[in-house]
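**Q** Pasting in a structure now, in structure tokens, and then I'll have a few things to ask.
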Amino acid sequence: MKLNLESNSFNVGIHSNEEVENGSSLAGVSSSLVRFRVGSGLFRPEELKRVRRCSESDACVVMSNIRRSWSLLRRFTCRTEVQSSRTSSCSSGVFLSDRGLVLKSQSTDVFQNLALEDWIDTNVDLQQRGVLLLWRNRPAVVIGRHQNPWTECDLPAMRRMGIPVARRRSGGGTVFHDLGNLNLTFFASKKEYDRRRNLKVVTEALRRLSPGLHVQATDRFDILLNGHLKISGTASRLSRKSSYHHCTLLHSADRSALSAVLRPSCPGIHSNATPSVPSPVANLLDHAPTLQWEELLDGLVHQYNAEFGLSSASSLVDPTDESTFPDISRMEKELRGWDWTFGKTPKFSVQTALELKDSSARCSAQLNMEVKNGRIQSCDLQVPADWLPARLSGELSDSLVGERFCPQRAAAGVASLLRAESGELQSRLHILCDAVMSVMG
């Protein structure tokens with residue numbers, strides 16, 4: 001490691017696998033050179049003064065005195081993208097840019113990428129720089145912070161297809177993600193928050209790449225193709241000082257899967273949760289068949305730089321790397337959890353009829369439930385007494401109170417009640433339980 005001293009900056013050369021700070025290593029960074037500028041905000045003024053007046057022989061002493069700042073270098077270390085010469089590694093100093101960064105996530109896991117958004121919003125000083133994050137996911141359904149997953153998506157169908165549901169921290173409606181959909185997240189200070197300007201980056205890039213495309217941002221901050229086909233939806237989150245605005249961009253998404261999963265799981269739900277607004281959608285590839293994925297990414301990066309007066313190359317980041325993003329695994333774990341995904345659902349009620357039948361009779365029952373924080377607060381089952389004794393329907397209702405509004409957990413909760421009966425009563429109680437569980441999706 002060596003320091004080259006200049007009047008207002010210094011360079012730190014890092015060689016492959018060089019051990020730094022308690023024996024850790026920056027694997028994957030080879031013969032790189034990272035520049036720390038005075039205005040970057042990474043070093044305190046007094047530390048910079050020490051650096052300027054030190055000699056090369058004192059370099060190690062100085063570096064030991066500024067380990068806190070060195071940890072920030074490790075935090076913003078990224079892996080070099082070797083597949084495209086158009087993308088630089090962080091050895092170019094891109095993470096130390098005073099004004100703008102362009103990042104591409106290496107992950108296609110929805111929870112990891114949502115955690116990466118949270119990490120950037122929490123840890124990066126967005127008063128000093130803007131950030132554009134480009135990412136995409138394997139098939140997933142993403143609901144808004146204030147939405148009800150049971151009314152937004154077909155949970156049983158998603159389980160069969162192996163498609164997860166994730167709740168993001170921003171508002172807005174439900175979207176389907178797959179590898180044919182690009183997500184763009186624009187991070188900025190709250191003062192610089194400007195969704196229309198961000199969408200201008202997308203629309204201008206598309207017009208440059210395919211002049212025949214008629215694309216336009218709407219007052220709802222969607223982007224429409226040919227005036228009525230939605231190719232991009234928007235959501236955003238504002239904190240006290242920071243903001244982010246993210247949008248989708250349909251390039252070649254599986255529209256049949258989208259249609260299969262974006263429909264309600266349960267009938268009879270009454271809720272104040274934010275509902276999605278269905279719209280006809282289209283893929284860019286349907287209308288610009290020569291528009292390749294890498295061409296689209298490059299065009300967006302070029303337009304982002306042009307719009308904001310930057311010259312940032314894009315850098316790959318790995319959201320599973322704790323040495324780069326400390327504590328990100330905790331953020332990811334929270335996003336994966338039931339308490340966040342389902343437990344944060346606004347309070348709702350269920351009022352629906354249940355059709356019950358066995359080999360000898362059929363009838364209609366009524367289910368009324370109140371659900372708060374994803375758990376059943378009250379349950380009332382009105383079942384004809386000649387089909388099932390009121391004692392048993394009452395016991396079933398009582399056994400469900402306090403359970404998660406979830407078929408697997410509710411079924412476990414009533415298992416002992418089923419075991420206590422036999423014969424026709426057990427069979428009919430089982431039919432009633434199945435009908436109730438089906439309502440839960």
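Residues in the structure tokens are numbered from 1 in each chain, the chains being A, B, ... in the order shown, and ligands are numbered from 1 in the order shown.
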Apply DSSP to the backbone of this structure and, from range 125-373 of chain A, keep only the residues in strand (DSSP E or B); write these as a tab-separated table (two decimals) with N, CA, C and O atoms, in the first residue's frame.

**A**
```tsv
chain	number	residue	atom	x	y	z
A	130	GLY	N	-26.35	11.99	-6.05
A	130	GLY	CA	-27.49	11.19	-6.46
A	130	GLY	C	-27.01	9.79	-6.83
A	130	GLY	O	-25.83	9.58	-7.13
A	131	VAL	N	-27.91	8.84	-6.80
A	131	VAL	CA	-27.57	7.46	-7.15
A	131	VAL	C	-28.67	6.91	-8.05
A	131	VAL	O	-29.86	7.09	-7.77
A	132	LEU	N	-28.27	6.24	-9.12
A	132	LEU	CA	-29.20	5.46	-9.94
A	132	LEU	C	-28.85	4.00	-9.78
A	132	LEU	O	-27.72	3.58	-10.03
A	133	LEU	N	-29.81	3.20	-9.31
A	133	LEU	CA	-29.63	1.76	-9.15
A	133	LEU	C	-30.47	1.04	-10.19
A	133	LEU	O	-31.68	1.28	-10.31
A	134	LEU	N	-29.84	0.16	-10.95
A	134	LEU	CA	-30.52	-0.67	-11.95
A	134	LEU	C	-30.54	-2.10	-11.45
A	134	LEU	O	-29.50	-2.64	-11.04
A	135	TRP	N	-31.72	-2.74	-11.47
A	135	TRP	CA	-31.82	-4.08	-10.92
A	135	TRP	C	-33.01	-4.81	-11.55
A	135	TRP	O	-33.93	-4.20	-12.07
A	140	ALA	N	-41.42	-12.54	-9.23
A	140	ALA	CA	-41.86	-12.14	-7.89
A	140	ALA	C	-43.00	-11.16	-8.04
A	140	ALA	O	-43.12	-10.47	-9.05
A	141	VAL	N	-43.84	-11.08	-7.01
A	141	VAL	CA	-44.88	-10.05	-6.93
A	141	VAL	C	-44.48	-9.10	-5.81
A	141	VAL	O	-44.16	-9.54	-4.69
A	142	VAL	N	-44.48	-7.81	-6.10
A	142	VAL	CA	-44.08	-6.80	-5.12
A	142	VAL	C	-45.27	-5.88	-4.85
A	142	VAL	O	-45.78	-5.23	-5.77
A	143	ILE	N	-45.69	-5.85	-3.60
A	143	ILE	CA	-46.83	-5.01	-3.21
A	143	ILE	C	-46.32	-3.74	-2.55
A	143	ILE	O	-45.20	-3.68	-2.04
A	165	VAL	N	-44.02	-13.35	-2.69
A	165	VAL	CA	-44.58	-12.01	-2.59
A	165	VAL	C	-43.70	-11.22	-1.63
A	165	VAL	O	-43.26	-11.73	-0.60
A	166	ALA	N	-43.42	-9.98	-1.99
A	166	ALA	CA	-42.58	-9.10	-1.17
A	166	ALA	C	-43.29	-7.77	-0.98
A	166	ALA	O	-43.96	-7.29	-1.89
A	167	ARG	N	-43.16	-7.22	0.21
A	167	ARG	CA	-43.71	-5.88	0.49
A	167	ARG	C	-42.54	-4.89	0.50
A	167	ARG	O	-41.57	-5.06	1.25
A	175	VAL	N	-46.92	-4.84	-8.46
A	175	VAL	CA	-46.28	-5.09	-9.76
A	175	VAL	C	-45.73	-6.51	-9.80
A	175	VAL	O	-45.40	-7.09	-8.77
A	176	PHE	N	-45.65	-7.03	-11.01
A	176	PHE	CA	-45.02	-8.34	-11.24
A	176	PHE	C	-43.64	-8.10	-11.81
A	176	PHE	O	-43.46	-7.32	-12.74
A	177	HIS	N	-42.65	-8.74	-11.21
A	177	HIS	CA	-41.27	-8.65	-11.68
A	177	HIS	C	-40.83	-9.99	-12.27
A	177	HIS	O	-41.19	-11.04	-11.74
A	181	ASN	N	-38.18	-7.53	-16.90
A	181	ASN	CA	-38.57	-6.22	-16.38
A	181	ASN	C	-37.36	-5.56	-15.73
A	181	ASN	O	-36.68	-6.18	-14.91
A	182	LEU	N	-37.10	-4.33	-16.07
A	182	LEU	CA	-36.01	-3.57	-15.46
A	182	LEU	C	-36.57	-2.64	-14.40
A	182	LEU	O	-37.59	-1.99	-14.61
A	183	ASN	N	-35.90	-2.59	-13.26
A	183	ASN	CA	-36.25	-1.65	-12.19
A	183	ASN	C	-35.17	-0.58	-12.10
A	183	ASN	O	-33.97	-0.88	-12.13
A	184	LEU	N	-35.61	0.65	-12.00
A	184	LEU	CA	-34.70	1.79	-11.85
A	184	LEU	C	-35.06	2.51	-10.56
A	184	LEU	O	-36.24	2.83	-10.33
A	185	THR	N	-34.07	2.75	-9.70
A	185	THR	CA	-34.30	3.50	-8.47
A	185	THR	C	-33.43	4.75	-8.50
A	185	THR	O	-32.21	4.66	-8.60
A	186	PHE	N	-34.08	5.90	-8.42
A	186	PHE	CA	-33.40	7.20	-8.40
A	186	PHE	C	-33.34	7.68	-6.95
A	186	PHE	O	-34.38	8.00	-6.36
A	187	PHE	N	-32.15	7.74	-6.38
A	187	PHE	CA	-31.95	8.24	-5.02
A	187	PHE	C	-31.49	9.70	-5.08
A	187	PHE	O	-30.66	10.05	-5.92
A	188	ALA	N	-32.01	10.50	-4.18
A	188	ALA	CA	-31.61	11.92	-4.14
A	188	ALA	C	-31.94	12.47	-2.76
A	188	ALA	O	-32.61	11.82	-1.95
A	189	SER	N	-31.47	13.66	-2.50
A	189	SER	CA	-31.91	14.34	-1.29
A	189	SER	C	-33.39	14.67	-1.44
A	189	SER	O	-33.93	14.69	-2.55
A	215	VAL	N	-43.72	7.40	-26.53
A	215	VAL	CA	-43.77	7.19	-25.08
A	215	VAL	C	-43.99	8.52	-24.39
A	215	VAL	O	-43.48	9.56	-24.83
A	216	GLN	N	-44.76	8.48	-23.31
A	216	GLN	CA	-45.10	9.72	-22.61
A	216	GLN	C	-45.37	9.42	-21.15
A	216	GLN	O	-46.04	8.44	-20.81
A	217	ALA	N	-44.83	10.27	-20.25
A	217	ALA	CA	-45.12	10.17	-18.82
A	217	ALA	C	-46.47	10.82	-18.54
A	217	ALA	O	-46.83	11.84	-19.14
A	223	ILE	N	-45.55	5.55	-17.38
A	223	ILE	CA	-45.13	5.82	-18.75
A	223	ILE	C	-45.99	4.97	-19.67
A	223	ILE	O	-46.09	3.75	-19.48
A	224	LEU	N	-46.63	5.62	-20.64
A	224	LEU	CA	-47.51	4.94	-21.57
A	224	LEU	C	-46.87	4.87	-22.95
A	224	LEU	O	-46.18	5.80	-23.38
A	225	LEU	N	-47.15	3.77	-23.63
A	225	LEU	CA	-46.73	3.58	-25.01
A	225	LEU	C	-47.97	3.73	-25.89
A	225	LEU	O	-49.02	3.13	-25.60
A	229	LEU	N	-50.92	2.03	-23.49
A	229	LEU	CA	-50.29	0.80	-23.00
A	229	LEU	C	-49.22	1.14	-21.97
A	229	LEU	O	-48.25	1.83	-22.26
A	230	LYS	N	-49.40	0.62	-20.78
A	230	LYS	CA	-48.47	0.95	-19.68
A	230	LYS	C	-47.20	0.12	-19.81
A	230	LYS	O	-47.25	-1.10	-19.87
A	231	ILE	N	-46.06	0.79	-19.82
A	231	ILE	CA	-44.77	0.08	-19.83
A	231	ILE	C	-43.96	0.37	-18.58
A	231	ILE	O	-42.94	-0.26	-18.34
A	232	SER	N	-44.45	1.30	-17.74
A	232	SER	CA	-43.71	1.65	-16.53
A	232	SER	C	-44.66	2.19	-15.48
A	232	SER	O	-45.53	3.01	-15.78
A	234	THR	N	-44.74	3.65	-11.19
A	234	THR	CA	-43.89	4.42	-10.28
A	234	THR	C	-44.32	4.24	-8.84
A	234	THR	O	-45.50	4.08	-8.55
A	235	ALA	N	-43.34	4.27	-7.94
A	235	ALA	CA	-43.60	4.39	-6.50
A	235	ALA	C	-42.43	5.17	-5.90
A	235	ALA	O	-41.37	5.27	-6.50
A	236	SER	N	-42.62	5.69	-4.70
A	236	SER	CA	-41.55	6.50	-4.11
A	236	SER	C	-41.66	6.51	-2.60
A	236	SER	O	-42.68	6.14	-2.02
A	237	ARG	N	-40.57	6.95	-2.00
A	237	ARG	CA	-40.51	7.06	-0.53
A	237	ARG	C	-39.70	8.29	-0.16
A	237	ARG	O	-38.59	8.48	-0.66
A	238	LEU	N	-40.24	9.11	0.72
A	238	LEU	CA	-39.55	10.29	1.20
A	238	LEU	C	-39.27	10.16	2.68
A	238	LEU	O	-40.17	9.83	3.47
A	242	SER	N	-33.88	12.44	2.81
A	242	SER	CA	-33.57	11.70	1.58
A	242	SER	C	-34.85	11.25	0.89
A	242	SER	O	-35.95	11.35	1.44
A	243	SER	N	-34.68	10.74	-0.32
A	243	SER	CA	-35.82	10.25	-1.09
A	243	SER	C	-35.35	9.20	-2.07
A	243	SER	O	-34.18	9.16	-2.44
A	244	TYR	N	-36.27	8.32	-2.44
A	244	TYR	CA	-36.02	7.52	-3.64
A	244	TYR	C	-37.32	7.31	-4.41
A	244	TYR	O	-38.41	7.26	-3.83
A	245	HIS	N	-37.15	7.24	-5.69
A	245	HIS	CA	-38.25	7.05	-6.63
A	245	HIS	C	-37.86	5.88	-7.51
A	245	HIS	O	-36.80	5.89	-8.13
A	246	HIS	N	-38.69	4.83	-7.51
A	246	HIS	CA	-38.36	3.70	-8.37
A	246	HIS	C	-39.49	3.44	-9.36
A	246	HIS	O	-40.66	3.71	-9.09
A	247	CYS	N	-39.09	2.89	-10.51
A	247	CYS	CA	-40.07	2.59	-11.53
A	247	CYS	C	-39.68	1.30	-12.25
A	247	CYS	O	-38.51	0.90	-12.25
A	248	THR	N	-40.68	0.66	-12.80
A	248	THR	CA	-40.47	-0.54	-13.60
A	248	THR	C	-40.33	-0.12	-15.07
A	248	THR	O	-40.71	0.99	-15.44
A	249	LEU	N	-39.81	-1.03	-15.87
A	249	LEU	CA	-39.77	-0.81	-17.32
A	249	LEU	C	-39.87	-2.18	-17.99
A	249	LEU	O	-38.95	-2.99	-17.91
A	250	LEU	N	-41.02	-2.43	-18.62
A	250	LEU	CA	-41.29	-3.73	-19.22
A	250	LEU	C	-40.58	-3.85	-20.56
A	250	LEU	O	-40.95	-3.20	-21.53
A	269	ILE	N	-63.28	-9.53	1.01
A	269	ILE	CA	-62.43	-8.71	1.88
A	269	ILE	C	-62.84	-7.24	1.76
A	269	ILE	O	-63.00	-6.71	0.67
A	270	HIS	N	-62.98	-6.59	2.91
A	270	HIS	CA	-63.28	-5.17	2.98
A	270	HIS	C	-62.13	-4.49	3.72
A	270	HIS	O	-61.81	-4.85	4.85
A	271	SER	N	-61.50	-3.51	3.07
A	271	SER	CA	-60.29	-2.94	3.62
A	271	SER	C	-60.09	-1.51	3.13
A	271	SER	O	-60.58	-1.13	2.07
A	281	VAL	N	-51.07	-3.48	-20.35
A	281	VAL	CA	-49.61	-3.34	-20.39
A	281	VAL	C	-49.05	-3.85	-21.71
A	281	VAL	O	-49.72	-4.58	-22.46
A	314	SER	N	-21.19	2.81	-15.00
A	314	SER	CA	-21.94	1.95	-14.08
A	314	SER	C	-21.01	0.94	-13.43
A	314	SER	O	-20.03	0.49	-14.02
A	315	SER	N	-21.32	0.59	-12.18
A	315	SER	CA	-20.51	-0.35	-11.41
A	315	SER	C	-21.40	-1.45	-10.85
A	315	SER	O	-22.50	-1.18	-10.37
A	316	LEU	N	-20.91	-2.67	-10.92
A	316	LEU	CA	-21.64	-3.80	-10.35
A	316	LEU	C	-21.50	-3.83	-8.84
A	316	LEU	O	-20.42	-3.57	-8.30
A	317	VAL	N	-22.59	-4.13	-8.15
A	317	VAL	CA	-22.56	-4.31	-6.70
A	317	VAL	C	-23.25	-5.62	-6.34
A	317	VAL	O	-24.19	-6.05	-7.01
A	348	PHE	N	-58.38	-5.35	8.14
A	348	PHE	CA	-59.45	-5.64	7.18
A	348	PHE	C	-60.44	-6.64	7.76
A	348	PHE	O	-60.18	-7.27	8.79
A	349	SER	N	-61.58	-6.74	7.10
A	349	SER	CA	-62.61	-7.70	7.50
A	349	SER	C	-62.92	-8.62	6.33
A	349	SER	O	-62.69	-8.27	5.17
A	350	VAL	N	-63.45	-9.79	6.67
A	350	VAL	CA	-63.85	-10.78	5.66
A	350	VAL	C	-65.32	-11.11	5.91
A	350	VAL	O	-65.70	-11.49	7.03
A	351	GLN	N	-66.12	-10.96	4.88
A	351	GLN	CA	-67.54	-11.32	4.96
A	351	GLN	C	-67.87	-12.09	3.69
A	351	GLN	O	-67.96	-11.51	2.61
A	352	THR	N	-68.03	-13.40	3.85
A	352	THR	CA	-68.24	-14.22	2.66
A	352	THR	C	-69.07	-15.45	2.98
A	352	THR	O	-69.09	-15.92	4.12
A	353	ALA	N	-69.73	-15.96	1.97
A	353	ALA	CA	-70.51	-17.20	2.11
A	353	ALA	C	-69.61	-18.39	1.83
A	353	ALA	O	-68.70	-18.34	1.00
A	354	LEU	N	-69.87	-19.50	2.55
A	354	LEU	CA	-69.14	-20.76	2.35
A	354	LEU	C	-70.12	-21.83	1.90
A	354	LEU	O	-71.16	-22.04	2.54
A	355	GLU	N	-69.83	-22.47	0.80
A	355	GLU	CA	-70.68	-23.56	0.33
A	355	GLU	C	-70.15	-24.88	0.88
A	355	GLU	O	-68.99	-25.24	0.65
A	356	LEU	N	-71.00	-25.60	1.63
A	356	LEU	CA	-70.60	-26.84	2.30
A	356	LEU	C	-71.43	-27.99	1.75
A	356	LEU	O	-72.64	-27.88	1.61
A	357	LYS	N	-70.78	-29.10	1.48
A	357	LYS	CA	-71.53	-30.28	1.03
A	357	LYS	C	-70.74	-31.55	1.31
A	357	LYS	O	-69.52	-31.56	1.30
A	362	ARG	N	-76.07	-30.65	1.60
A	362	ARG	CA	-75.32	-29.44	1.30
A	362	ARG	C	-76.01	-28.26	1.95
A	362	ARG	O	-77.22	-28.28	2.20
A	363	CYS	N	-75.23	-27.20	2.23
A	363	CYS	CA	-75.80	-26.00	2.84
A	363	CYS	C	-74.86	-24.83	2.59
A	363	CYS	O	-73.74	-24.99	2.09
A	364	SER	N	-75.31	-23.66	2.99
A	364	SER	CA	-74.50	-22.45	2.88
A	364	SER	C	-74.27	-21.89	4.27
A	364	SER	O	-75.20	-21.79	5.08
A	365	ALA	N	-73.01	-21.55	4.57
A	365	ALA	CA	-72.65	-20.94	5.86
A	365	ALA	C	-72.14	-19.53	5.61
A	365	ALA	O	-71.82	-19.15	4.48
A	366	GLN	N	-72.03	-18.74	6.68
A	366	GLN	CA	-71.54	-17.37	6.57
A	366	GLN	C	-70.32	-17.20	7.47
A	366	GLN	O	-70.33	-17.59	8.64
A	367	LEU	N	-69.27	-16.62	6.92
A	367	LEU	CA	-68.05	-16.36	7.68
A	367	LEU	C	-67.86	-14.86	7.83
A	367	LEU	O	-67.91	-14.11	6.84
A	368	ASN	N	-67.63	-14.41	9.06
A	368	ASN	CA	-67.31	-13.01	9.34
A	368	ASN	C	-66.06	-12.97	10.20
A	368	ASN	O	-66.02	-13.58	11.28
A	369	MET	N	-65.04	-12.27	9.75
A	369	MET	CA	-63.77	-12.18	10.46
A	369	MET	C	-63.29	-10.74	10.50
A	369	MET	O	-63.56	-9.95	9.59
A	370	GLU	N	-62.53	-10.42	11.55
A	370	GLU	CA	-61.78	-9.17	11.62
A	370	GLU	C	-60.30	-9.55	11.75
A	370	GLU	O	-59.94	-10.40	12.58
A	371	VAL	N	-59.48	-8.93	10.94
A	371	VAL	CA	-58.05	-9.28	10.90
A	371	VAL	C	-57.23	-8.01	11.11
A	371	VAL	O	-57.42	-7.01	10.41
A	372	LYS	N	-56.31	-8.06	12.06
A	372	LYS	CA	-55.43	-6.93	12.35
A	372	LYS	C	-54.00	-7.43	12.50
A	372	LYS	O	-53.77	-8.44	13.17
```

**Q** Could you check which of A:Thr345, A:Thr122, A:Gln292, A:Ser276 is closest to Arg240 in chain A, using only C-alpha atoms?

**A**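 Ranked by minimum distance to Arg240 in chain A, first place goes to A:Thr122.
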
**Q** Nearest residue to Ala253 in chain A out of A:Gln303, A:Asn283, A:Asn373, A:Ser329, using only C-alpha atoms?

**A**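 Checking each candidate against Ala253 in chain A, we get A:Asn283 as the closest.
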
**Q** Using only C-alpha atoms, which of the listed residues (A:Val261, A:Tyr193, A:Val401, A:Cys433) sits closest to Gly162 in chain A?

**A**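 For Gly162 in chain A, the nearest of the given residues is A:Val261.
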
**Q** Taking only C-alpha atoms into account, name the residue in A:His287, A:Ala157, A:Leu392, A:Leu300 that is nearest to Leu199 in chain A.

**A** A:Leu300

**Q** Enter the distance from CA of Cys406 in chain A to CA of Arg375 in chain A, in Å, rounded to one decimal.

**A**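 Distance between the two atoms: 8.5 Å.
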
**Q** Rank nothing, just name the residue among A:Met437, A:Leu388, A:Val301, A:Leu418 nearest to Arg404 in chain A, using only C-alpha atoms.

**A**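 Closest residue, counting only C-alpha atoms: A:Met437.
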
**Q** Looking at only C-alpha atoms, which of A:Asp358, A:Asp380, A:Glu332, A:Asp178 is the one that sits closest to Asp118 in chain A?

**A**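 So, comparing all the options, the nearest one is A:Glu332.
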
**Q** As a ChimeraX atom specification, please: the residues near Asn137 in chain A (cut-off 6 Å, only C-alpha atoms, same-chain neighbours under 4 positions excluded).

**A** /A:108-110,178-179

**Q** Using DSSP on the backbone coordinates, identify all residues within range 263-437 of chain A classified as alpha helix (DSSP H); present the result as an MDAnalysis selection string.

**A** chainID A and resid 284:287 293:308 328:336 338:341 390:400 407:419 423:437

**Q** Using CA of Tyr304 in chain A and CA of His214 in chain A as the two end points, give the distance in Å to one decimal.

**A**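 Separating CA of Tyr304 in chain A from CA of His214 in chain A is a distance of 19.7 Å.
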